[in-house]
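Raw my_file_37.tsv, TSV, C-alpha atoms:
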```tsv
chain	number	residue	atom	x	y	z
A	271	MET	CA	-94.57	3.58	-1.78
A	272	ASP	CA	-90.84	3.48	-1.83
A	273	ILE	CA	-90.77	7.12	-2.81
A	274	LEU	CA	-93.00	7.98	0.13
A	275	LYS	CA	-90.72	6.09	2.47
A	276	LEU	CA	-87.73	7.90	0.99
A	277	ARG	CA	-89.46	11.25	1.47
A	278	ALA	CA	-90.28	10.21	5.02
A	279	VAL	CA	-86.66	9.39	5.66
A	280	LEU	CA	-85.46	12.63	4.09
A	281	GLY	CA	-88.03	14.57	6.02
A	282	MET	CA	-86.80	13.22	9.36
A	283	ASP	CA	-85.85	15.62	12.13
A	284	THR	CA	-82.12	16.23	11.63
A	285	SER	CA	-81.63	18.50	14.64
A	286	GLU	CA	-79.67	15.89	16.63
A	287	TYR	CA	-77.45	15.27	13.63
A	288	ASP	CA	-76.88	19.00	13.16
A	289	LYS	CA	-76.14	19.41	16.86
A	290	GLY	CA	-73.64	16.56	16.76
A	291	LEU	CA	-72.02	18.03	13.70
A	292	LYS	CA	-71.68	21.44	15.35
A	293	ASP	CA	-70.25	19.82	18.51
A	294	SER	CA	-67.70	17.97	16.41
A	295	GLU	CA	-66.78	21.14	14.58
A	296	SER	CA	-66.40	22.98	17.90
A	297	LYS	CA	-64.23	20.24	19.37
A	298	ALA	CA	-62.13	20.11	16.22
A	299	TYR	CA	-61.66	23.85	16.38
A	300	LYS	CA	-60.61	23.67	20.04
A	301	VAL	CA	-58.23	20.81	19.31
A	302	GLY	CA	-56.78	22.86	16.46
A	303	GLN	CA	-56.34	25.83	18.77
A	304	SER	CA	-54.66	23.61	21.37
A	305	ILE	CA	-52.32	22.14	18.79
A	306	GLY	CA	-51.51	25.62	17.50
A	307	THR	CA	-50.79	26.85	21.03
A	308	ALA	CA	-48.67	23.79	21.75
A	309	VAL	CA	-46.72	24.29	18.53
A	310	LYS	CA	-46.13	27.95	19.36
A	311	THR	CA	-45.08	27.09	22.93
A	312	THR	CA	-42.77	24.33	21.71
A	313	ALA	CA	-41.31	26.68	19.15
A	314	LYS	CA	-40.66	29.29	21.85
A	315	LEU	CA	-39.12	26.73	24.19
A	316	THR	CA	-37.01	25.31	21.38
A	317	ALA	CA	-35.88	28.77	20.40
A	318	ALA	CA	-35.07	29.57	24.04
A	319	GLY	CA	-33.19	26.27	24.38
A	320	ILE	CA	-31.26	26.89	21.18
A	321	ALA	CA	-30.46	30.44	22.33
A	322	ALA	CA	-29.27	29.22	25.74
A	323	THR	CA	-27.20	26.46	24.15
A	324	THR	CA	-25.75	28.88	21.61
A	325	THR	CA	-24.83	31.30	24.39
A	326	ALA	CA	-23.21	28.52	26.42
A	327	VAL	CA	-21.27	27.23	23.42
A	328	ALA	CA	-20.22	30.75	22.49
A	329	GLY	CA	-19.00	31.32	26.04
A	330	LEU	CA	-17.09	28.05	26.00
A	331	VAL	CA	-15.52	28.87	22.64
A	332	LYS	CA	-14.51	32.31	23.88
A	333	SER	CA	-13.00	30.89	27.09
A	334	SER	CA	-11.18	28.16	25.19
A	335	THR	CA	-9.84	30.60	22.60
A	336	GLN	CA	-8.56	32.99	25.28
A	337	ALA	CA	-7.09	30.18	27.39
A	338	TYR	CA	-5.28	28.70	24.40
A	339	ALA	CA	-4.01	32.12	23.34
A	340	ASP	CA	-2.53	32.52	26.84
A	341	TYR	CA	-1.16	28.98	26.61
A	342	GLU	CA	0.64	29.70	23.35
A	343	GLN	CA	2.22	32.81	24.81
A	344	LEU	CA	3.28	31.01	27.99
A	345	VAL	CA	4.74	28.10	26.02
A	346	GLY	CA	6.75	30.66	24.09
A	347	GLY	CA	8.09	31.97	27.40
A	348	VAL	CA	9.06	28.46	28.51
A	349	GLU	CA	10.80	27.82	25.19
A	350	THR	CA	12.72	31.07	25.59
A	351	LEU	CA	13.77	30.58	29.22
A	352	PHE	CA	14.35	26.83	29.26
A	353	GLY	CA	14.50	25.65	25.67
A	354	THR	CA	15.35	26.47	22.08
A	355	GLN	CA	12.98	29.41	21.49
A	356	GLY	CA	11.00	27.18	19.12
A	357	MET	CA	13.90	26.75	16.72
A	358	SER	CA	14.93	23.60	14.90
A	359	LEU	CA	18.43	22.17	15.38
A	360	GLU	CA	19.62	23.80	12.17
A	361	GLU	CA	18.08	27.15	13.07
A	362	TYR	CA	19.61	27.01	16.54
A	363	ALA	CA	23.07	26.20	15.15
A	364	GLU	CA	22.82	29.13	12.78
A	365	SER	CA	21.66	31.47	15.59
A	366	VAL	CA	24.75	30.71	17.70
A	367	GLY	CA	27.13	30.60	14.74
A	368	LYS	CA	28.16	26.97	15.16
A	369	THR	CA	27.82	23.75	13.23
A	370	VAL	CA	24.93	21.37	13.80
A	371	ASN	CA	27.26	18.72	15.26
A	372	ALA	CA	28.81	21.24	17.63
A	373	VAL	CA	25.52	22.32	19.18
A	374	LYS	CA	23.55	19.06	19.08
A	375	GLY	CA	24.31	18.14	22.72
A	376	GLU	CA	23.43	21.61	23.91
A	377	TYR	CA	20.28	21.66	21.80
A	378	ASP	CA	19.16	18.25	23.10
A	379	GLY	CA	19.65	19.49	26.69
A	380	LEU	CA	17.51	22.54	26.05
A	381	MET	CA	14.79	20.39	24.48
A	382	GLU	CA	14.89	18.04	27.47
A	383	ALA	CA	14.49	20.93	29.90
A	384	GLN	CA	11.73	22.50	27.82
A	385	THR	CA	9.85	19.20	27.59
A	386	ALA	CA	10.21	18.62	31.34
A	387	VAL	CA	8.68	22.00	32.17
A	388	LEU	CA	5.76	21.48	29.79
A	389	GLU	CA	5.10	17.98	31.16
A	390	ASN	CA	5.26	19.29	34.72
A	391	ALA	CA	2.77	21.99	33.72
A	392	ASP	CA	0.40	19.33	32.38
A	393	ASN	CA	0.61	17.38	35.66
A	394	ALA	CA	0.44	20.42	37.95
A	395	TYR	CA	-3.33	20.01	38.40
A	396	LYS	CA	-2.61	17.14	40.82
A	397	THR	CA	0.91	17.97	42.08
A	398	ALA	CA	0.41	21.68	42.76
A	399	GLY	CA	-3.31	22.30	42.27
A	400	LEU	CA	-2.56	24.57	39.30
A	401	SER	CA	-3.62	24.57	35.67
A	402	ALA	CA	-0.93	24.32	33.00
A	403	ASN	CA	-1.24	28.05	32.34
A	404	GLU	CA	-0.94	28.95	36.02
A	405	TYR	CA	2.11	26.70	36.36
A	406	MET	CA	3.90	28.20	33.37
A	407	GLU	CA	3.02	31.74	34.43
A	408	THR	CA	4.58	31.07	37.83
A	409	VAL	CA	7.67	29.29	36.56
A	410	THR	CA	8.53	31.99	34.03
A	411	SER	CA	8.36	34.65	36.76
A	412	PHE	CA	11.59	33.42	38.37
A	413	ALA	CA	13.18	31.19	35.71
A	414	ALA	CA	15.78	33.76	34.67
A	415	ALA	CA	17.19	34.06	38.21
A	416	LEU	CA	17.16	30.28	38.60
A	417	ASN	CA	18.97	29.70	35.32
A	418	SER	CA	21.54	32.33	36.21
A	419	SER	CA	22.26	30.79	39.61
A	420	LEU	CA	22.75	27.40	37.96
A	421	ASN	CA	25.07	28.74	35.24
A	422	GLY	CA	22.58	28.07	32.47
A	423	ASN	CA	21.95	24.41	33.36
A	424	THR	CA	18.35	24.39	32.17
A	425	ILE	CA	17.75	20.71	32.97
A	426	GLU	CA	18.61	21.29	36.64
A	427	SER	CA	16.72	24.56	36.53
A	428	ALA	CA	13.57	22.78	35.33
A	429	LYS	CA	13.82	20.33	38.25
A	430	LYS	CA	14.27	23.06	40.85
A	431	ALA	CA	11.51	25.16	39.31
A	432	ASP	CA	9.08	22.27	39.69
A	433	MET	CA	10.23	21.71	43.26
A	434	ALA	CA	9.77	25.41	44.05
A	435	ILE	CA	6.22	25.54	42.65
A	436	THR	CA	5.26	22.36	44.49
A	437	ASP	CA	6.72	23.83	47.69
A	438	MET	CA	4.66	26.99	47.13
A	439	ALA	CA	1.46	24.97	46.76
A	440	ASP	CA	2.30	22.80	49.79
A	441	ASN	CA	2.94	25.89	51.90
A	442	ALA	CA	-0.35	27.47	50.79
A	443	ASN	CA	-2.28	24.31	51.65
A	444	LYS	CA	-0.58	23.68	54.98
A	445	MET	CA	-0.16	27.20	56.32
A	446	GLY	CA	-3.28	28.79	54.86
A	447	THR	CA	-1.49	31.61	53.04
A	448	SER	CA	-2.77	32.53	49.58
A	449	MET	CA	-0.83	31.10	46.66
A	450	GLU	CA	-0.47	34.60	45.24
A	451	ALA	CA	1.26	35.87	48.40
A	452	ILE	CA	3.72	32.96	48.32
A	453	GLN	CA	4.40	33.41	44.60
A	454	THR	CA	5.09	37.09	45.25
A	455	ALA	CA	7.52	36.15	48.01
A	456	TYR	CA	9.45	33.76	45.73
A	457	GLN	CA	9.56	36.38	42.99
A	458	GLY	CA	10.98	38.80	45.55
A	459	PHE	CA	13.67	36.31	46.57
A	460	SER	CA	14.74	36.06	42.92
A	461	LYS	CA	15.43	39.82	43.07
A	462	GLN	CA	17.17	39.63	46.48
A	463	ASN	CA	14.14	41.13	48.18
A	464	TYR	CA	13.39	39.23	51.40
A	465	THR	CA	10.70	41.45	52.94
A	466	MET	CA	8.01	38.86	52.24
A	467	LEU	CA	9.81	35.86	53.75
A	468	ASP	CA	7.30	35.93	56.61
A	469	ASN	CA	4.56	35.17	54.05
A	470	LEU	CA	5.74	31.56	54.18
A	471	LYS	CA	5.00	31.36	57.94
A	472	LEU	CA	8.08	29.22	58.57
A	473	GLY	CA	9.17	31.22	61.61
A	474	TYR	CA	11.41	33.68	59.81
A	475	GLY	CA	10.94	37.44	59.48
A	476	GLY	CA	11.13	39.49	56.31
A	477	THR	CA	14.77	40.53	56.38
A	478	LYS	CA	18.02	39.48	54.75
A	479	THR	CA	19.35	38.39	58.15
A	480	GLU	CA	16.35	36.10	58.63
A	481	MET	CA	16.87	34.57	55.21
A	482	GLU	CA	20.49	33.87	56.13
A	483	ARG	CA	19.24	32.22	59.32
A	484	LEU	CA	16.93	30.02	57.27
A	485	LEU	CA	19.86	28.98	55.07
A	486	GLU	CA	21.94	28.12	58.14
A	487	ASP	CA	19.10	26.09	59.64
A	488	ALA	CA	18.75	24.18	56.37
A	489	GLU	CA	22.48	23.36	56.46
A	490	LYS	CA	22.09	22.04	60.03
A	491	ILE	CA	19.16	19.86	58.98
A	492	LYS	CA	21.20	18.39	56.13
A	493	ARG	CA	24.12	17.70	58.47
A	494	SER	CA	21.81	15.92	60.90
A	495	GLN	CA	20.85	13.68	57.98
A	496	GLY	CA	24.48	12.89	57.24
A	497	GLU	CA	24.73	15.20	54.24
A	498	VAL	CA	26.90	18.24	53.62
A	499	ALA	CA	25.28	21.36	52.15
A	500	GLU	CA	26.43	24.94	51.86
A	501	TYR	CA	23.80	27.49	50.91
A	502	SER	CA	24.60	31.02	49.77
A	503	ILE	CA	22.11	33.89	49.88
A	504	GLU	CA	23.59	35.05	46.58
A	505	SER	CA	22.24	31.95	44.82
A	506	TYR	CA	18.53	31.79	44.11
A	507	ALA	CA	18.83	28.03	43.55
A	508	ASP	CA	20.27	27.68	47.07
A	509	ILE	CA	17.36	29.65	48.53
A	510	VAL	CA	14.88	27.38	46.75
A	511	ASP	CA	16.74	24.30	48.05
A	512	ALA	CA	16.93	25.63	51.61
A	513	ILE	CA	13.21	26.43	51.78
A	514	HIS	CA	12.47	22.91	50.53
A	515	VAL	CA	14.69	21.40	53.23
A	516	VAL	CA	13.02	23.41	55.99
A	517	GLN	CA	9.49	22.67	54.76
A	518	THR	CA	10.27	18.96	54.49
A	519	GLU	CA	11.64	18.98	58.03
A	520	ILE	CA	8.44	20.43	59.50
A	521	GLY	CA	6.11	18.19	57.45
A	522	ILE	CA	4.85	20.57	54.78
A	523	THR	CA	6.27	18.86	51.69
A	524	GLY	CA	3.82	16.67	49.78
A	525	THR	CA	0.63	18.03	51.35
A	526	THR	CA	-0.86	19.27	48.06
A	527	ALA	CA	-0.74	15.90	46.33
A	528	LYS	CA	-1.97	14.20	49.50
A	529	GLU	CA	-4.86	16.62	49.93
A	530	ALA	CA	-5.81	16.25	46.25
A	531	GLU	CA	-6.26	12.55	46.93
A	532	GLN	CA	-7.75	12.62	50.42
A	533	THR	CA	-9.57	15.91	51.11
A	534	ILE	CA	-12.67	17.56	49.67
A	535	GLN	CA	-11.06	20.95	49.16
A	536	GLY	CA	-7.92	19.45	47.62
A	537	SER	CA	-9.84	17.24	45.20
A	538	ILE	CA	-12.11	20.13	44.20
A	539	GLY	CA	-9.02	22.24	43.48
A	540	MET	CA	-7.57	19.41	41.40
A	541	THR	CA	-10.83	19.07	39.45
A	542	LYS	CA	-10.95	22.81	38.75
A	543	SER	CA	-7.39	22.78	37.42
A	544	ALA	CA	-8.10	19.68	35.31
A	545	TRP	CA	-11.13	21.45	33.85
A	546	ASP	CA	-9.03	24.53	33.07
A	547	ASN	CA	-6.59	22.28	31.21
A	548	LEU	CA	-9.48	20.80	29.21
A	549	ILE	CA	-10.64	24.30	28.22
A	550	ILE	CA	-7.10	25.03	27.01
A	551	GLY	CA	-6.97	21.74	25.11
A	552	LEU	CA	-10.21	22.43	23.26
A	553	GLY	CA	-8.41	25.22	21.44
A	554	ASP	CA	-5.38	23.09	20.60
A	555	SER	CA	-5.66	20.93	17.48
A	556	GLU	CA	-2.84	18.71	18.76
A	557	ALA	CA	-4.13	18.28	22.32
A	558	ASP	CA	-5.00	14.82	23.63
A	559	VAL	CA	-8.57	15.78	24.53
A	560	ALA	CA	-9.46	12.22	25.59
A	561	THR	CA	-6.74	12.30	28.25
A	562	LEU	CA	-7.82	15.76	29.40
A	563	VAL	CA	-11.41	14.57	29.77
A	564	THR	CA	-10.21	11.49	31.66
A	565	ASN	CA	-8.25	13.74	34.03
A	566	VAL	CA	-11.40	15.74	34.77
A	567	ILE	CA	-13.45	12.58	35.37
A	568	ASP	CA	-10.78	11.02	37.59
A	569	SER	CA	-10.49	14.23	39.60
A	570	ALA	CA	-14.28	14.47	39.98
A	571	GLU	CA	-14.33	10.87	41.19
A	572	LYS	CA	-11.89	11.87	43.91
A	573	VAL	CA	-14.31	14.60	44.98
A	574	VAL	CA	-17.13	12.06	45.25
A	575	THR	CA	-14.87	9.60	47.08
A	576	ASN	CA	-13.98	12.28	49.63
A	577	VAL	CA	-17.51	13.69	49.97
A	578	VAL	CA	-19.42	10.42	50.46
A	579	PRO	CA	-17.78	9.48	53.82
A	580	VAL	CA	-18.53	12.96	55.17
A	581	ILE	CA	-22.20	12.70	54.16
A	582	SER	CA	-22.30	9.23	55.69
A	583	ARG	CA	-20.90	10.56	58.97
A	584	VAL	CA	-23.43	13.39	58.99
A	585	PHE	CA	-26.38	11.02	58.60
A	586	LYS	CA	-24.90	8.65	61.14
A	587	GLY	CA	-24.51	11.54	63.57
A	588	ILE	CA	-28.11	12.60	63.03
A	589	SER	CA	-29.29	9.01	63.54
A	590	GLU	CA	-27.32	8.65	66.77
A	591	SER	CA	-28.59	12.01	68.00
A	592	VAL	CA	-32.18	10.98	67.36
A	593	LYS	CA	-31.60	7.71	69.21
A	594	LYS	CA	-30.17	9.57	72.20
A	595	LEU	CA	-32.86	12.25	72.19
A	596	GLY	CA	-35.74	9.81	71.67
A	597	PRO	CA	-35.98	8.55	75.27
A	598	GLU	CA	-35.57	12.09	76.62
A	599	ILE	CA	-38.35	13.38	74.38
A	600	ALA	CA	-40.58	10.44	75.38
A	601	LYS	CA	-40.05	11.26	79.07
A	602	LYS	CA	-41.01	14.88	78.57
A	603	LEU	CA	-44.00	14.31	76.27
A	604	PRO	CA	-46.54	13.73	79.11
A	605	ARG	CA	-45.50	16.96	80.85
A	606	LEU	CA	-45.51	18.84	77.56
A	607	ALA	CA	-48.99	17.45	76.82
A	608	ASN	CA	-50.27	18.54	80.24
A	609	ASP	CA	-48.72	22.01	79.87
A	610	ILE	CA	-49.60	22.72	76.25
A	611	LEU	CA	-52.76	20.80	75.32
A	612	PRO	CA	-55.21	22.36	77.86
A	613	PRO	CA	-54.50	25.95	76.74
A	614	LEU	CA	-54.75	24.87	73.10
A	615	LEU	CA	-58.08	23.15	73.74
A	616	ASN	CA	-59.38	26.21	75.57
A	617	VAL	CA	-58.42	28.46	72.67
A	618	ALA	CA	-60.04	26.05	70.19
A	619	GLY	CA	-63.20	26.01	72.31
A	620	GLU	CA	-63.34	29.78	72.43
A	621	ILE	CA	-62.91	30.00	68.65
A	622	PHE	CA	-65.71	27.45	68.12
A	623	SER	CA	-68.02	29.27	70.54
A	624	GLY	CA	-67.36	32.53	68.75
A	625	ILE	CA	-68.25	30.98	65.40
A	626	VAL	CA	-71.50	29.47	66.80
A	627	SER	CA	-72.55	32.75	68.37
A	628	ALA	CA	-71.88	34.59	65.13
A	629	LEU	CA	-73.81	32.13	62.92
A	630	PRO	CA	-77.29	33.76	63.34
A	631	SER	CA	-75.98	37.13	62.17
A	632	LEU	CA	-74.22	35.43	59.23
A	633	ILE	CA	-77.21	33.27	58.22
A	634	GLN	CA	-79.89	35.97	58.29
A	635	PRO	CA	-78.42	38.02	55.37
A	636	ILE	CA	-78.21	34.85	53.32
A	637	ILE	CA	-81.87	34.03	54.01
A	638	ASP	CA	-82.85	37.56	53.02
A	639	MET	CA	-81.09	37.14	49.67
A	640	ILE	CA	-82.85	33.88	48.72
A	641	PRO	CA	-86.09	35.50	47.23
A	642	SER	CA	-84.12	37.77	44.94
A	643	LEU	CA	-81.95	34.87	43.88
A	644	LEU	CA	-85.01	32.74	43.08
A	645	GLN	CA	-86.53	35.49	41.00
A	646	GLY	CA	-83.52	35.53	38.74
A	647	VAL	CA	-83.81	31.78	38.06
```

Serialized structure, structure tokens:
Amino acid sequence: MDILKLRAVLGMDTSEYDKGLKDSESKAYKVGQSIGTAVKTTAKLTAAGIAATTTAVAGLVKSSTQAYADYEQLVGGVETLFGTQGMSLEEYAESVGKTVNAVKGEYDGLMEAQTAVLENADNAYKTAGLSANEYMETVTSFAAALNSSLNGNTIESAKKADMAITDMADNANKMGTSMEAIQTAYQGFSKQNYTMLDNLKLGYGGTKTEMERLLEDAEKIKRSQGEVAEYSIESYADIVDAIHVVQTEIGITGTTAKEAEQTIQGSIGMTKSAWDNLIIGLGDSEADVATLVTNVIDSAEKVVTNVVPVISRVFKGISESVKKLGPEIAKKLPRLANDILPPLLNVAGEIFSGIVSALPSLIQPIIDMIPSLLQGV
């Protein structure tokens, strides 16, 4: 009896079981395909992400390497024009044929001037809106003439060089002239070429006579302030001083630093220069990268600080405009409704009537197709 029952059980219809098994196999296969597709897609996306990241990193490395290579060369120029040409005290003493004790004071002065220029270059992102490289490139373009006019006093030369570059940036920001045009003008002055004096837009033409007039006006300004100054066109340092006096008198001096703090364009320029300095620092094993990053963040915060009030004023202006226009729009809505709605309703009615009239011709072909459709069922 038990055997019969067992045979009965074994002889049961297993079609439902087989069907369920096949369904499970099919679903498993589809799930496997989906997983395989997902894995392939993820692999492609990951590969694309890695490729994009690699490209970005490679670009950053290339930019940093080039920027630091330029930095090294420019530092060498600063050391040559203001400092010790990278020599130690002993090496410097030997190069000039004197004892270490005899040249120590001179050497210390050169190191002080060199350090001042490099520090000014590091801070130029906020004082002149320039990166360290841009600052050094500018300062080395006229340093020789400045040193010569100051009889080799590199400490004083470093101070006047920084003043000149800041004056250039202030003039560019205030008068709207490109920094390049102003730099070219200053480089011309260092070679006794005054044809580009009008680039500064200070009210003086591009001639030697006009430069002499600027020097005379600067002397008058100093006298009105109770100071005595005599400026000679033969001295590049005097020209730099005189331009500074005139620009201070008409309110140009200090605009770059002020705009970096208070304006969108100025703070964006400061952020760009801070970023350029960070790119340079990434290639320098001795750079204080943390400080460079902080400079970028602080500069970017200035951008946000300057942008937010503008956005706020825009939204406030929109809000006030809507408030003012609201009553006017409400007054005109009834007339607009009377003028616009009837024609719209007429057009809608005509469209509806056209659809209704066309329905019989649209329905009949469908009815004719029904027998053939039923036959295929």

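Of the listed residues (A:Gly375, A:Gly367, A:Gln462, A:Phe352), A:Phe352 comes nearest to A:Thr410; the distances count only C-alpha atoms.
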
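Checking A:Glu426, A:Val578, A:Ser627, A:Tyr338 one by one against A:Ala557, counting only C-alpha atoms, you find the shortest gap at A:Tyr338.
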
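Closest approach to A:Ala383 among A:Ala414, A:Val574, A:Leu351, A:Met449: A:Leu351, based on only C-alpha atoms.
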
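Note that atom CA of A:Ala386 and atom CA of A:Glu360 are 22.0 Å apart.
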
Would you mind telling me which residue in A:Tyr474, A:Phe412, A:Tyr405, A:Tyr501 lies nearest to A:Ser460 when using only C-alpha atoms? A:Phe412

A:Ala431, A:Leu416, A:Met357, A:Leu552: which is nearest A:Asn390, counting all atoms listed in the file? A:Ala431

Which protein, DNA or RNA residues have an atom at most 10 Å from (21.0, 24.0, 54.9), counting only C-alpha atoms? List them as a VMD selection string. chain A and resid 482 to 493 497 to 502 508 to 509 511 to 516

I'd like the contact shell of stretch 541-548 of chain A - 10 Å cut-off, only C-alpha atoms, skipping same-chain residues fewer than 5 positions apart - returned as a ChimeraX atom specification. /A:333-334,337-338,341,391-396,398-404,530,535-536,553-554,557-573

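Separating atom CA of A:Gly353 from atom CA of A:Gln453 is a distance of 22.8 Å.
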
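Nearest to A:Asn576 of all the residues A:Ser555, A:Ser537, A:Gln457, A:Thr436 is A:Ser537, based on all atoms listed in the file.
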